[in-house]
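In what follows, a structure is listed as structure tokens, so that the remarks can point back to it.
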Amino acid sequence: MSNIISLDSDTISISNGLTAVFIDVLILAGSRLAETDDEKRLIVWLAEKDQSKVGMGTVGFDIREMPWNIERFEESRRFMLKTVELACNKTDWDNLDYIPNEELLFPMLNKFSYMLSKLTAKDVDQNALAGWMADADLDDPVKNGFPQCEKHSALLSCFGCHLCNN
Ligand SMILES: [Zn+2]
């Protein structure tokens with residue numbers, strides 16, 4: 001089984017195991033880099049793609065559905081591109097208790113970066129951010145100052161720490 005990450009005809013088909021690694025390294029890099037709420041929300045949204053909680057092979061997504069802030073789209077996109085770059089530079093990989101297979105992982109990250117570089121503000125789902133925030137419970141990390149895991153320095157989602165869970 002696998003998960004599909006897509007933007008129009010561009011797709012990444014990624015095995016369940018590698019998906020967890022892909023999300024882990026993006027969370028580590030993004031948690032290190034994120035400063036604004038816009039940036040933290042994008043990483044927490046990715047952290048919700050937690051197969052240990054929602055089921056294996058169920059976390060594929062279209063990058064237009066990410067909680068982009070349309071008014072600051074370019075800054076947010078630059079942040080995500082930088083996050084992927086930092087992930088490829090193995091940012092905070094010493095927080096992982098395993099060693100990612102770079103040969104499998106890096107082509108996926110590079111394709112994700114390519115897809116992000118093609119995304120434009122008008123492609124984005126205009127209601128994604130507001131809808132996602134409206135669905136979040138009052139005790140959700142996105143409404144409570146964006147706590148991070150003490151062990152992994154990873155931004156937490158409503159499911160806890162993606163790295164602890166996986
Ligand atoms: Zn953790």
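Please note that chains go A, B, ... in the order of the structure tokens, that every chain numbers its residues from 1, and that ligands are numbered from 1 in the order shown.
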Inset, instruction - Counting only C-alpha atoms and all ligand atoms, name the residues that have an atom within 12 Å of an atom of ligand 1; the answer should be given as a count of residues only. - result: 27
Legend entry - Residues of chain A in helix (DSSP H, G or I), written as a ChimeraX atom specification: /A:16-33,37-47,51-54,63-65,70-88,93-95,102-118,121-123,128-135,141-143,162-165
Legend entry - Polymer residues at most 8 Å from segment 53-68 of chain A, only C-alpha atoms, same-chain spacing of 2 or more positions, as JSON, numbers by chain: {"A": [1, 2, 3, 4, 5, 6, 7, 15, 16, 38, 41, 42, 45, 49, 50, 51, 70, 73, 76, 116, 119, 123, 124, 125, 128, 129, 130, 132, 159]}
Inset, instruction - Quick one: pull the distance between atom CA of Ala34 of chain A and atom CA of Asp8 of chain A, Å, one decimal. - result: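 Rounded to one decimal, the two atoms are 27.1 Å apart.
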Inset, instruction - Find the residue from A:Glu75, A:Trp93, A:Ala29, A:Val44 that sits nearest to Met133 of chain A; use only C-alpha atoms when measuring. - result: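 Of A:Glu75, A:Trp93, A:Ala29, A:Val44, the one nearest Met133 of chain A is A:Val44, counting only C-alpha atoms.
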Give me the residues within 9 Å of Met108 of chain A as a PDB file with C-alpha atoms, in the first residue's frame, counting only C-alpha atoms and dropping any in the same chain fewer than 3 places off.
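Okay, selection.pdb is ready:
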ATOM      1  CA  ILE A  12       4.432  11.076  -5.753  1.00  0.00           C
ATOM      2  CA  SER A  13       3.497   7.499  -4.887  1.00  0.00           C
ATOM      3  CA  ILE A  14       5.197   6.692  -1.639  1.00  0.00           C
ATOM      4  CA  PHE A  22       9.069  11.668   4.687  1.00  0.00           C
ATOM      5  CA  LEU A 104      14.605   6.278  -1.562  1.00  0.00           C
ATOM      6  CA  LEU A 105      13.801   9.436   0.396  1.00  0.00           C
ATOM      7  CA  LYS A 111       9.751  15.852  -6.381  1.00  0.00           C
ATOM      8  CA  PHE A 112       7.826  17.483  -3.520  1.00  0.00           C
ATOM      9  CA  SER A 113      10.033  20.546  -3.853  1.00  0.00           C
TER      10      SER A 113
END
Inset, instruction - Measuring atom to atom with only C-alpha atoms, identify which of A:Asp139, A:Glu85, A:Glu102, A:Asp10 is nearest to Leu33 of chain A. - result: A:Glu85
Inset, instruction - Find the distance between atom CA of Met115 of chain A and atom CA of Lys82 of chain A and write it in Å to one decimal. - result: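 Going from atom CA of Met115 of chain A over to atom CA of Lys82 of chain A covers 13.5 Å.
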Legend entry - Distance of atom CA of Ala87 of chain A from atom CA of Thr19 of chain A, expressed in Å to one decimal place: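 So the answer is 13.9 Å.
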Legend entry - Nearest to Lys40 of chain A by atom-to-atom distance, counting only C-alpha atoms, from A:Thr83, A:Asn127, A:Ser9, A:Thr91: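 Of the candidates, the smallest distance to Lys40 of chain A is held by A:Thr83.
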